[in-house]
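Right, one structure below, let's go through it.
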Amino acid sequence: MLHSVKTRDYHVVRFAGDSGDGIQVQGLHFTNAIGFSGHHLSTLQDFPAEIRAPVGTTYGISAFQIQFGGDRIRTPGDTPDVMVAFNPAALKVNLPILEPGALVIVDEDAFNPRNLKKAGFESNPLEDDSLTNFDVYPIDITNQTLQTLGLFELSRREALRSRNYWVLGFMLWVFDLPRYPLTDWIKKRFEATPEVCRANLAVVNAGHAFGEIAEHAHVLQHKTILQKPLEPGEYRTIRGSEATALGLSAVSQLADMDILYCSYPITPASAILHELASMRDPRVATFQAEDEIASCCAAIGASYSGAFGVSSSSGPGLALKAESLGLAIASELPLLIINTQRAGPSTGLPTKTEQADLLQSVYGRNGDTPVPVVAAKSSADCFQAVIDASRIALRHMTPVILLHDGYMSNSADLWAIPDIDDYEPIETHLTAADRLPDHAPHDAIFERDPDTCARPWAIPGRHRLMHRVGGLESDIRTGHISYDPENHQIMTDMRLEKIRRVADFLPDETLVQGSFESALLVLSWGSTYGHIYEAVETCNKDGGSVAQAHLRFVHPFAHNLEVLLKRFDTILVPEHNAGQLATLIRSELPALASRIRQFNQINGLPFSALDLIDAIRGALVDG
Amino acid sequence: MLHSVKTRDYHVVRFAGDSGDGIQVQGLHFTNAIGFSGHHLSTLQDFPAEIRAPVGTTYGISAFQIQFGGDRIRTPGDTPDVMVAFNPAALKVNLPILEPGALVIVDEDAFNPRNLKKAGFESNPLEDDSLTNFDVYPIDITNQTLQTLGLFELSRREALRSRNYWVLGFMLWVFDLPRYPLTDWIKKRFEATPEVCRANLAVVNAGHAFGEIAEHAHVLQHKTILQKPLEPGEYRTIRGSEATALGLSAVSQLADMDILYCSYPITPASAILHELASMRDPRVATFQAEDEIASCCAAIGASYSGAFGVSSSSGPGLALKAESLGLAIASELPLLIINTQRAGPSTGLPTKTEQADLLQSVYGRNGDTPVPVVAAKSSADCFQAVIDASRIALRHMTPVILLHDGYMSNSADLWAIPDIDDYEPIETHLTAADRLPDHAPHDAIFERDPDTCARPWAIPGRHRLMHRVGGLESDIRTGHISYDPENHQIMTDMRLEKIRRVADFLPDETLVQGSFESALLVLSWGSTYGHIYEAVETCNKDGGSVAQAHLRFVHPFAHNLEVLLKRFDTILVPEHNAGQLATLIRSELPALASRIRQFNQINGLPFSALDLIDAIRGALVDG
Amino acid sequence: MGNMSYKDFASDREVRWCPGCGDYSVLKSVLHALADTGSEPENTVFVSGIGCAARMPYYINTYGFHTIHGRAPAIATGIKLGNPDLEVWVITGDGDGLSIGGNHLLHMFRRNVDVNILLLNNEIYGLTKGQFSPTSRYGTISPSSPGGTLTQPVSPCHFALGSGATFIARGIDVDQKGLVALFQASKAHRGTGFVEILQNCIVYNKDAFENVTAKASAPETQLHVTHGKPLVFGANREKGIKLNPETLSLEVIDAHKTPGEVLVHDETNSLIAKLLVDLTPPLPTAFGVIHRRTATPFEDVFFTQRKSASRAPFDTLLRRAIIHDHREDASPE
Amino acid sequence: MGNMSYKDFASDREVRWCPGCGDYSVLKSVLHALADTGSEPENTVFVSGIGCAARMPYYINTYGFHTIHGRAPAIATGIKLGNPDLEVWVITGDGDGLSIGGNHLLHMFRRNVDVNILLLNNEIYGLTKGQFSPTSRYGTISPSSPGGTLTQPVSPCHFALGSGATFIARGIDVDQKGLVALFQASKAHRGTGFVEILQNCIVYNKDAFENVTAKASAPETQLHVTHGKPLVFGANREKGIKLNPETLSLEVIDAHKTPGEVLVHDETNSLIAKLLVDLTPPLPTAFGVIHRRTATPFEDVFFTQRKSASRAPFDTLLRRAIIHDHREDASPE
Ligand SMILES: Cc1ncc(C[n+]2csc(CCOP(=O)(O)OP(=O)(O)O)c2C)c(N)n1
Ligand SMILES: Cc1ncc(C[n+]2csc(CCOP(=O)(O)OP(=O)(O)O)c2C)c(N)n1
Ligand code: SF4
Ligand code: SF4
Ligand SMILES: [Mg+2]
Ligand SMILES: [Mg+2]
């Protein structure tokens, strides 16, 4: 079959190979070139399951996917139309998700009997007719690379590691993308080792040249139509962990205070720890504790002493923080818990995504212990989300749980670099304590802010306001231990009221697309935002009448949420859990319960557009 | 004021004094005499807050309360009509709860300036007119006791410790109760120390004689009208901890297996640990672990190896078990968690009661991790509740959370001693594994019971069915680790279905009083059963039209619950939390949400009849 | 030193331990140590877990944080990392510190955070009414072990040594003079100071230490150690501890006859520390500073590293990734 | 001994560690030890927490329980109390066992439950991609410590000693013969057997132990200890460890010249154990059984007490309280 230059609004390109093949580096550089060319984009890193696997096996496959195009892109796409497979296993694993007719570039040199067997192919798919649905383009990539490198003093092993640069060069040619971002980077990166530098540049150029000269190669070329090129501005690609780390740095500036980020390594939450550690912001220190309990407790200690304590984890780690969260609630300290949700229960599927910690976040502690719960919606949004969540924690003197998920932490968005001066400063209750005289009486130390019920943040070292706090019930007036029944009722009511008051400060929820006249509202929260956005958009393009609202603040709800939802007779809530937001809505806004339809996918993967569209159409039909 | 013999259907008597005054022993003996006289009864122990306090202080007061009478008694009563106060602090603390006109017996010798000051009295209440609302009867109890003991070789301190026996003798006379249960007990107890024995008997008799001979004393006599004396049978008083320990012993017999009870001391859960340890049932061993996590894990280990693992705690301790509970769910092991709820959040009010761990029990873990939640309703009921909960755990191969509360563990009921032969044996999935041949293939080892979805309980030592389980997602067929997306969906669905199926085995919910024609349903769960029962009964006696239903199985609900609730337009849910069962009902049975009214009291105390009646009347009026 | 008296360090709260509890005396020693060393109430924090001992912060007029069971060391670590200039004390018990909290103690020792840890060891769970603890002796009868406990106790000082603690001391509740000196030494030590205090729980484990602490027999049952001084005890300091170099076992010798053979205490030598923490009756129990060595406190390195971090300005951090610059005037960089 | 070969103990699961990981060799030694000591697959359980090492149970054809991070010792304790006749092994890592799980290890040691604990120490968190662990050396650079770690490492064997462990041994991943012998000895020991294995994480902490384990320098860097034998090392076993009895410090002496002064290993002496666990480069590292002493395993006493409990029949238990008897024919008792 012959290939022709394909022009489309967007492309979904996937690179797949062994962990050692440099797939992720390749993906990043490809993304970079896309970014420089002014396309919108979104990417996804797909790592093999947690144990590093032997070369050539299907469970050792690492992949990188990017969707890019000429209009706002919100997801890395479901069905790649272009794929590069470095070996048979990579082909095997990824075939099921390819678009029919997709261009499949393979390194034919890797399709030897050993690798084919490891991948579980009975015969060579390049030779039988099992790939007729696709445009398969086999290239002797290994051979091409080795030939190029023959001129350099590199071992065969080192040389083979450069295959990704060859492929990059070739792929840049395929999509007609600029080479200089990559070549500049190589020059800088390998400044100290000129031989390696020259070798890599040579390989990139060889790959590019191959495209230009190879027979039939011209027909491989793909183009994207730029409908809406990027607005002028400064952009970068950003992963969830990067956005969170930068967001925390922003918080420390906006609140003018130190942050202590306490964590215990766990997939996928660790990415933020690594990012922060490498950032070395002197106002945002990291502390790797001995376990999750200690990490939460150290953060509480930090907040007690007047820094802002942040503690992060994933699924089982959040469960371990439950008791100490109770202490932070009882002692009314600001605290931020970032939980990168992963597929559960228990150890579950650590590298897969899920949204199943919502109810744990809202209810998972002893006693009536409410906390606000905030959710980020995309990698880039993690920046704003962590600022929003921190603002609540500091304004209301309360722990806040910020929910991320595995999908967010492995995907990357294009992000317009913000200006910190555009953000409102974050007020803290240190100032309330600053206003008190030395040795003020206890009822002054515990006098609450009339709007938030927050107490002054009287801290050692800064205030001469010696007093004691703790996990026992305390007197509403003086903070002393109190066994008084009436006081316990008052304090419980106050704690509930305090969290209810958070809603007084929340912006109204709005529709993110569609109108109030739509026949159906799709209500999303968390990282499903993008997939759901695209699915709703598609439905509407096909004549559907669908609106979307998206919750940043999952607990408490914004005051207007009920009114907004009431405008729709049918509300579809797609979630990666067994219906946790749906459960919350039913219990908090029961008048709406009969309108709620659930769509629950709990397989560790993001939604596919097709499934979502089906669910939306189903809800439109059944009402 | 003169006193007259009072006859009523029931009495509420309260003893109060310092921790060292022997109040609780006294209460038990008084209870015993009541029991022997054929009355119905219910008691409450009211301990001072956790720190042992100096003598004579209000916060060091220990109290014992009993309600007894001629018809079924379900609570220890709210408003004592008779009280004995051993010192001014005891009087001070308890005055607010007495019935107007109550008989107040005090040891006038203890009303010295020092004690009055410690109790915070400005003047002696026996001498001013602050007690005109009550029938105060001051006796020189100390003096009387010392005089009696003048004949014996006891130190003054030892002698003073006998005041409670003097009061017992007197109170037995007041209510015309038999002395022999007490005197027999004293003879047995002090067999080895005849001097002490004789002294105590003398003091009891002196107290009794004082009643008979003292001027005016005859007018103090109180009588209870026995409307419905106890059915013939064998009875005992029983506390929640005793009933639970006996229930676990029954479980080990009914299931014919060993139990490992693992716990870490915490108030109020420790009572069960102590009871079991002292019981020394060789089939129900106790293990005090290093913390709550280890206690849960050790129980999981026990269940893994084929014993039945039970782990208990209170509030913050349950929070700590969240992660390990997830493991038990993932590895599908039977496990019983007994949680004695106490007032939260955090350390809270450890000795006070609350029902605020319900949502934590249902939702407090990472991932979609459902478990059945069962609640006991009274001290005596703890026996049946632990059998019910264990049966579910063993039949469905799942962890089960059994909720107790602080009230239950400090109160005691009269209990008709059961015959273990009347109970159905408990089946386990060991037999399913027994049926498999040695080295059976993995899909046999994981073949599920069609009714319950439970897997065979293949255990080391008993079965040659070597296999591996764990917290990573496992293949539904073979139990091997599986990263397959579809399998994760199937397993998640299976876990949800498994818990849903528990409902297939639950008895229908019924009304415990009232009819379907009643204008209002009061829905109770847990230890509020008795208070709510009495309040509903009172309302109905006064012409109200109120029914009561009571949930033993809080999650999942019995299949017929929705139908039952639908028969009522208004459903009042009184709880000692901010509305957790109400929340569950709204989310699970949203069609009923508009009918739900909440009544929430979170002050660490049981409901008072008056407040409940008000709430019921309010709900009747407002609909 | 300071110009506040020990009474100024007492809070206005009524102290609520059982009459006769050893905690009273420890509290008093703490107050004295604070006054003597010139602690500043507004710069001092007492952190505790849960237990009878853990109530102590309420009675001290500094900042106080009564936290959750076993976690005080972790919280104290956070406090020091939040503000390293604070003087931080942790009050814990044998259950709080060594049952539920053992792991956090280990890591506190390992990190050598500059915090003073006072572990009030009454060999029982006081607050929860008398269950055995990890330091309870073999066979202890308690509500949860009516047939007697089944395990050998853990030795707090031995545990601290195994965990790499840099300051290990032991004292007795009623020996106020001794305690104040140990608290002062702990405060002076840069890094984690650990003081085990034998504390009498008069209600649930009365006189558990009577065999060691009784005044009458004290000269025979207590070995008070001082750096650079020989390890001697007895009414006339006539008994000396000697190490048999062949068998590496201990012998009690006549210190007056062969003073040269008596071992000399060297705080910095961890082998001697091991030898001292192993001393149990019938040999005398060691008191005083058992081990002390110089090591940098965690927060010193922590803040040095933090400050020296050549942090890029935020605007640079924002651009730390590969930047796609689409400003009209931008040229690739 | 047994009539199963080591291969019979391998499960049918594909082993999935990184090529070149030290775990492979440890697994093989485990399989050999099982075969050699005649373990019965149906009576043997491998319990592990989370980590690369903790995957091992999947590869062994006995019962296996891959539990949660740090809690394997607690679960293993429950297993032994559920069925004391089972042979139980715990597989853990330096993070699993000493970071999150330190407290459970402490209490396992203190109780002396008859379980074999293999701690694969690669001084790094392997599974979570290379963050530093509590055993990482000072200054270790890792994703969570790009500027180098700030603390001294904890020594697993020293921690075990401080926690009262009754069997402490150390081996090297690739020394299969040595490991098999240690595993056998641990299994033979009644009580908790603790074996620290220096394990090479080729991906995240490559050759961390090269300075100790490299074949060429091994005679100088390794001290293999045997009960009753002098502590000698060197190519010709010419170097001996001597304790200076005055300073209680160690010296290396010529073992050929003054053999009498060389310390003789005594497994039962905990002071020698302390001395051995303290040996770090430039002194040679100790391998073999460092400490072993007889002590009753927890479950022995547990089950003895349980069986001897003169348990009242259930009907009596039901009536253990004061009984109110209202049967018509009853008379007060
Ligand atoms: C998570 C949790 N578990 C258990 C408890 C109950 N508890 C409170 S204090 C304590 C032990 C106290 O013993 P110790 O630390 O020795 O202090 P002491 O009372 O003897 O001074 C326990 C088990 C608790 N408060 N929280
Ligand atoms: C509660 C919890 N916290 C954190 C993790 C993440 N985690 C898994 S293994 C591991 C550390 C592994 O290190 P180590 O025990 O040394 O084993 P290795 O991989 O090096 O063999 C961590 C932090 C987890 N699974 N569960
Ligand atoms: S119970 Fe013991 S430790 Fe607690 S206050 Fe009383 S005497 Fe002190
Ligand atoms: S990461 Fe390290 S420890 Fe884990 S399997 Fe790979 S080499 Fe082994
Ligand atoms: Mg204690
Ligand atoms: Mg490791």
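Residues are named by chain letter and number: chains run A, B, ... in the order of the structure tokens, numbers start at 1 in each chain, and ligands are numbered from 1 in the order shown.
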
Exercise. Write out as a ChimeraX atom specification every residue belonging to chain A that has an atom at most 7 Å from any atom of chain B, counting only C-alpha atoms.
Key: /A:315-316,319-320,322-323,326-327,330,343-349,356-357,359-360,363-369,471-473,483,485-486,488-489,577-578,583,586-587,590,593,602-604

Give one line per residue of chain D that approaches ligand 4 to at most 12 Å, naming the two atoms of the closest pair and their distance in Å to one decimal, counting only C-alpha atoms and all ligand atoms; sort by chain then ascending residue number and deliver it as CSV.
```
residue,atom,partner,partner_atom_place_in_ligand_line,distance
D:Val15,CA,ligand 4,5 (S),9.8
D:Arg16,CA,ligand 4,5 (S),7.3
D:Trp17,CA,ligand 4,5 (S),3.9
D:Cys18,CA,ligand 4,6 (Fe),4.1
D:Pro19,CA,ligand 4,7 (S),7.1
D:Gly20,CA,ligand 4,7 (S),6.6
D:Cys21,CA,ligand 4,7 (S),4.0
D:Gly22,CA,ligand 4,8 (Fe),6.2
D:Asp23,CA,ligand 4,8 (Fe),6.0
D:Tyr24,CA,ligand 4,8 (Fe),8.3
D:Ser25,CA,ligand 4,8 (Fe),10.7
D:Val26,CA,ligand 4,8 (Fe),11.0
D:Leu27,CA,ligand 4,8 (Fe),11.7
D:Ile50,CA,ligand 4,4 (Fe),11.2
D:Gly51,CA,ligand 4,4 (Fe),7.5
D:Cys52,CA,ligand 4,4 (Fe),4.6
D:Ala53,CA,ligand 4,3 (S),6.6
D:Ala54,CA,ligand 4,4 (Fe),9.7
D:Arg55,CA,ligand 4,5 (S),9.2
D:Met56,CA,ligand 4,5 (S),10.5
D:Thr92,CA,ligand 4,3 (S),11.5
D:Gly93,CA,ligand 4,3 (S),9.1
D:Asp94,CA,ligand 4,3 (S),10.6
D:Gly95,CA,ligand 4,3 (S),11.3
D:Leu120,CA,ligand 4,3 (S),8.8
D:Asn121,CA,ligand 4,3 (S),9.1
D:Asn122,CA,ligand 4,3 (S),6.8
D:Glu123,CA,ligand 4,3 (S),9.6
D:Ile124,CA,ligand 4,3 (S),8.1
D:Tyr125,CA,ligand 4,3 (S),7.6
D:Gly126,CA,ligand 4,1 (S),4.1
D:Leu127,CA,ligand 4,4 (Fe),5.3
D:Thr128,CA,ligand 4,1 (S),8.0
D:Lys129,CA,ligand 4,1 (S),6.6
D:Gly130,CA,ligand 4,1 (S),7.4
D:Gln131,CA,ligand 4,1 (S),10.8
D:Asp173,CA,ligand 4,8 (Fe),11.3
D:Leu198,CA,ligand 4,3 (S),11.2
D:Gln199,CA,ligand 4,3 (S),7.8
D:Asn200,CA,ligand 4,7 (S),6.8
D:Cys201,CA,ligand 4,2 (Fe),3.6
D:Ile202,CA,ligand 4,7 (S),4.3
D:Val203,CA,ligand 4,7 (S),4.8
D:Tyr204,CA,ligand 4,2 (Fe),5.7
D:Asn205,CA,ligand 4,2 (Fe),7.2
D:Lys206,CA,ligand 4,7 (S),8.0
D:Asp207,CA,ligand 4,7 (S),10.6
D:Ala208,CA,ligand 4,2 (Fe),11.3
```

Go ahead and write the selection's residues with N, CA and C atoms as a compact mmCIF listing (two decimals), in the first residue's frame.
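Result file part37.txt:
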```
# COMPACT_ATOMS: atom_id res chain seq x y z
N VAL D 15 10.37 -14.63 36.98
CA VAL D 15 11.02 -13.71 37.93
C VAL D 15 11.27 -12.38 37.24
N ARG D 16 10.86 -11.32 37.89
CA ARG D 16 10.86 -10.02 37.21
C ARG D 16 11.68 -8.95 37.89
N TRP D 17 12.89 -9.29 38.33
CA TRP D 17 13.75 -8.22 38.81
C TRP D 17 14.61 -7.72 37.65
N CYS D 18 15.26 -6.60 37.82
CA CYS D 18 16.15 -6.11 36.77
C CYS D 18 17.24 -7.14 36.53
N PRO D 19 17.65 -7.27 35.30
CA PRO D 19 18.78 -8.17 35.02
C PRO D 19 19.98 -7.70 35.85
N GLY D 20 20.62 -8.64 36.53
CA GLY D 20 21.80 -8.29 37.31
C GLY D 20 21.50 -7.91 38.74
N CYS D 21 20.23 -7.90 39.12
CA CYS D 21 19.86 -7.54 40.50
C CYS D 21 20.33 -8.62 41.47
N GLY D 22 20.80 -8.20 42.62
CA GLY D 22 21.26 -9.15 43.63
C GLY D 22 20.15 -10.05 44.18
N ASP D 23 18.92 -9.65 43.98
CA ASP D 23 17.81 -10.44 44.51
C ASP D 23 17.77 -11.85 43.92
N TYR D 24 18.19 -11.98 42.68
CA TYR D 24 18.16 -13.30 42.04
C TYR D 24 18.95 -14.32 42.85
N SER D 25 20.14 -13.89 43.21
CA SER D 25 21.02 -14.81 43.89
C SER D 25 20.50 -15.15 45.28
N VAL D 26 19.90 -14.15 45.93
CA VAL D 26 19.34 -14.42 47.26
C VAL D 26 18.20 -15.42 47.13
N LEU D 27 17.36 -15.23 46.11
CA LEU D 27 16.26 -16.16 45.89
C LEU D 27 16.79 -17.59 45.74
N ILE D 50 6.40 -4.50 51.07
CA ILE D 50 6.42 -3.98 49.69
C ILE D 50 7.83 -3.49 49.37
N GLY D 51 8.24 -3.76 48.18
CA GLY D 51 9.57 -3.39 47.71
C GLY D 51 9.99 -4.40 46.66
N CYS D 52 11.14 -4.17 46.04
CA CYS D 52 11.61 -5.16 45.06
C CYS D 52 11.82 -6.50 45.75
N ALA D 53 12.56 -6.49 46.84
CA ALA D 53 12.84 -7.72 47.57
C ALA D 53 11.55 -8.42 47.96
N ALA D 54 10.56 -7.61 48.32
CA ALA D 54 9.31 -8.16 48.84
C ALA D 54 8.51 -8.92 47.80
N ARG D 55 8.96 -8.88 46.54
CA ARG D 55 8.29 -9.69 45.53
C ARG D 55 8.66 -11.16 45.63
N MET D 56 9.68 -11.46 46.39
CA MET D 56 10.22 -12.81 46.41
C MET D 56 9.19 -13.92 46.63
N THR D 92 12.12 -8.79 53.65
CA THR D 92 11.94 -7.34 53.75
C THR D 92 13.14 -6.61 53.17
N GLY D 93 13.00 -5.30 53.04
CA GLY D 93 14.09 -4.48 52.51
C GLY D 93 14.51 -3.45 53.54
N ASP D 94 15.50 -2.67 53.22
CA ASP D 94 15.96 -1.66 54.16
C ASP D 94 14.91 -0.56 54.37
N GLY D 95 14.12 -0.29 53.34
CA GLY D 95 13.05 0.69 53.51
C GLY D 95 11.87 0.06 54.23
N LEU D 120 16.95 -7.61 52.89
CA LEU D 120 17.81 -7.37 51.75
C LEU D 120 18.15 -5.88 51.71
N ASN D 121 19.33 -5.59 52.15
CA ASN D 121 19.75 -4.20 52.31
C ASN D 121 20.54 -3.73 51.09
N ASN D 122 19.87 -2.93 50.26
CA ASN D 122 20.57 -2.36 49.11
C ASN D 122 20.80 -0.85 49.31
N GLU D 123 20.54 -0.41 50.54
CA GLU D 123 20.77 0.99 50.91
C GLU D 123 20.05 1.97 50.00
N ILE D 124 18.86 1.55 49.53
CA ILE D 124 18.11 2.41 48.61
C ILE D 124 16.68 1.90 48.52
N TYR D 125 15.76 2.76 48.12
CA TYR D 125 14.41 2.30 47.78
C TYR D 125 14.44 1.90 46.31
N GLY D 126 14.45 0.61 46.06
CA GLY D 126 14.51 0.16 44.68
C GLY D 126 13.18 0.36 43.96
N LEU D 127 12.14 -0.20 44.51
CA LEU D 127 10.86 -0.25 43.82
C LEU D 127 10.32 1.13 43.45
N THR D 128 10.52 2.09 44.33
CA THR D 128 9.98 3.42 44.04
C THR D 128 10.97 4.30 43.30
N LYS D 129 11.99 3.67 42.75
CA LYS D 129 12.91 4.33 41.83
C LYS D 129 13.99 5.19 42.47
N GLY D 130 14.56 4.63 43.53
CA GLY D 130 15.85 5.14 43.91
C GLY D 130 15.98 6.24 44.91
N GLN D 131 14.97 6.51 45.73
CA GLN D 131 15.17 7.49 46.81
C GLN D 131 16.08 6.86 47.88
N ASP D 173 24.81 -10.99 49.00
CA ASP D 173 23.89 -11.56 48.01
C ASP D 173 24.50 -12.67 47.15
N LEU D 198 23.66 -7.94 52.30
CA LEU D 198 24.08 -6.80 51.47
C LEU D 198 23.72 -7.14 50.04
N GLN D 199 22.84 -6.36 49.46
CA GLN D 199 22.29 -6.72 48.16
C GLN D 199 22.49 -5.58 47.18
N ASN D 200 22.97 -5.94 46.04
CA ASN D 200 23.31 -4.94 45.04
C ASN D 200 22.09 -4.56 44.21
N CYS D 201 21.70 -3.30 44.28
CA CYS D 201 20.66 -2.79 43.38
C CYS D 201 21.39 -2.18 42.22
N ILE D 202 21.39 -2.92 41.15
CA ILE D 202 22.24 -2.54 40.03
C ILE D 202 21.75 -1.28 39.33
N VAL D 203 20.49 -0.98 39.52
CA VAL D 203 19.92 0.16 38.82
C VAL D 203 20.06 1.47 39.60
N TYR D 204 19.73 1.42 40.90
CA TYR D 204 19.69 2.68 41.63
C TYR D 204 20.83 2.87 42.64
N ASN D 205 21.58 1.83 42.89
CA ASN D 205 22.66 1.99 43.86
C ASN D 205 23.78 1.02 43.53
N LYS D 206 24.14 1.05 42.27
CA LYS D 206 25.07 0.07 41.73
C LYS D 206 26.36 0.02 42.55
N ASP D 207 26.75 -1.21 42.88
CA ASP D 207 28.04 -1.45 43.52
C ASP D 207 28.22 -0.69 44.83
N ALA D 208 27.13 -0.46 45.52
CA ALA D 208 27.22 0.26 46.79
C ALA D 208 28.15 -0.48 47.75
```

Quiz prompt | Minimum-distance residue to chain D, chosen among B:Ile616, B:Ile417, B:Met397, B:Leu146 (using only C-alpha atoms) | solution =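 Comparing B:Ile616, B:Ile417, B:Met397, B:Leu146 against chain D, the winner is B:Ile417.
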
Alpha helix (DSSP H) positions in region 364-481 of chain B, given as a PDB file with C-alpha atoms, in the first residue's frame:
```
ATOM      1  CA  CYS B 382     -23.199  -7.391  72.128  1.00  0.00           C
ATOM      2  CA  PHE B 383     -23.361 -11.172  72.466  1.00  0.00           C
ATOM      3  CA  GLN B 384     -25.661 -11.636  69.499  1.00  0.00           C
ATOM      4  CA  ALA B 385     -24.066  -8.813  67.526  1.00  0.00           C
ATOM      5  CA  VAL B 386     -20.612 -10.329  67.576  1.00  0.00           C
ATOM      6  CA  ILE B 387     -22.039 -13.660  66.440  1.00  0.00           C
ATOM      7  CA  ASP B 388     -23.920 -11.961  63.606  1.00  0.00           C
ATOM      8  CA  ALA B 389     -20.870 -10.006  62.517  1.00  0.00           C
ATOM      9  CA  SER B 390     -18.551 -13.017  62.677  1.00  0.00           C
ATOM     10  CA  ARG B 391     -20.974 -15.090  60.675  1.00  0.00           C
ATOM     11  CA  ILE B 392     -20.874 -12.532  57.885  1.00  0.00           C
ATOM     12  CA  ALA B 393     -17.075 -12.320  57.956  1.00  0.00           C
ATOM     13  CA  LEU B 394     -16.700 -16.084  57.732  1.00  0.00           C
ATOM     14  CA  ARG B 395     -19.511 -16.685  55.269  1.00  0.00           C
ATOM     15  CA  HIS B 396     -18.461 -13.912  52.903  1.00  0.00           C
ATOM     16  CA  GLY B 406     -18.639   4.041  74.962  1.00  0.00           C
ATOM     17  CA  TYR B 407     -22.135   4.022  76.377  1.00  0.00           C
ATOM     18  CA  MET B 408     -22.540   0.338  75.710  1.00  0.00           C
ATOM     19  CA  SER B 409     -19.284  -0.502  77.334  1.00  0.00           C
ATOM     20  CA  ASN B 410     -20.144   1.331  80.552  1.00  0.00           C
ATOM     21  CA  LEU B 430     -12.323 -24.014  54.821  1.00  0.00           C
ATOM     22  CA  THR B 431     -14.625 -26.793  53.684  1.00  0.00           C
ATOM     23  CA  ALA B 432     -14.558 -25.504  50.122  1.00  0.00           C
ATOM     24  CA  ALA B 433     -10.772 -25.813  50.251  1.00  0.00           C
ATOM     25  CA  ASP B 434     -11.027 -29.211  51.934  1.00  0.00           C
ATOM     26  CA  HIS B 442      -4.956 -22.031  40.708  1.00  0.00           C
ATOM     27  CA  ASP B 443      -8.312 -21.520  39.116  1.00  0.00           C
ATOM     28  CA  ALA B 444      -9.759 -24.092  41.462  1.00  0.00           C
ATOM     29  CA  ILE B 445      -8.159 -22.400  44.444  1.00  0.00           C
TER      30      ILE B 445
END
```

Self-check item: Nearby residues (only C-alpha atoms) at most 10 Å from Arg137 (chain C), same-chain spacing under 4 positions excluded, as a PyMOL selection string
Solution: chain C and resi 123-124+132-133+141+148-154+208

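Looking only at region 224-309 of chain B, the set that DSSP places in strand (DSSP E or B) from backbone geometry is Thr224, Glu234, Tyr235, Arg236, Thr237, Ile238, Arg239, Ile259, Leu260, Tyr261, Cys262, Ser263, Val284, Ala285, Thr286, Phe287, Gln288, Phe308 and Gly309 of chain B.
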
Self-check item: Residues of chain C within 9 Å of chain D, counting only C-alpha atoms, as a ChimeraX atom specification
Solution: /C:98-104,106-107,110-112,134,147,150-164,243-249,261,263-264,266,269-272,274-275,296-299,301-302,305,309

Quiz prompt | For Ser313 (chain B): contacts at 8 Å, only C-alpha atoms, fewer than 6 positions along chain excluded, given as an MDAnalysis selection string | solution = chainID B and resid 263:266 269:270 292 337:340

Exercise. Can you check which residues of chain B have any atom within 7 Å of chain D? Use only C-alpha atoms and format it as a PyMOL selection string.
Key: chain B and resi 32+35-36+232-236+246+260+280-282+290+294+297-302+304-307+327+417+460-461+463-471
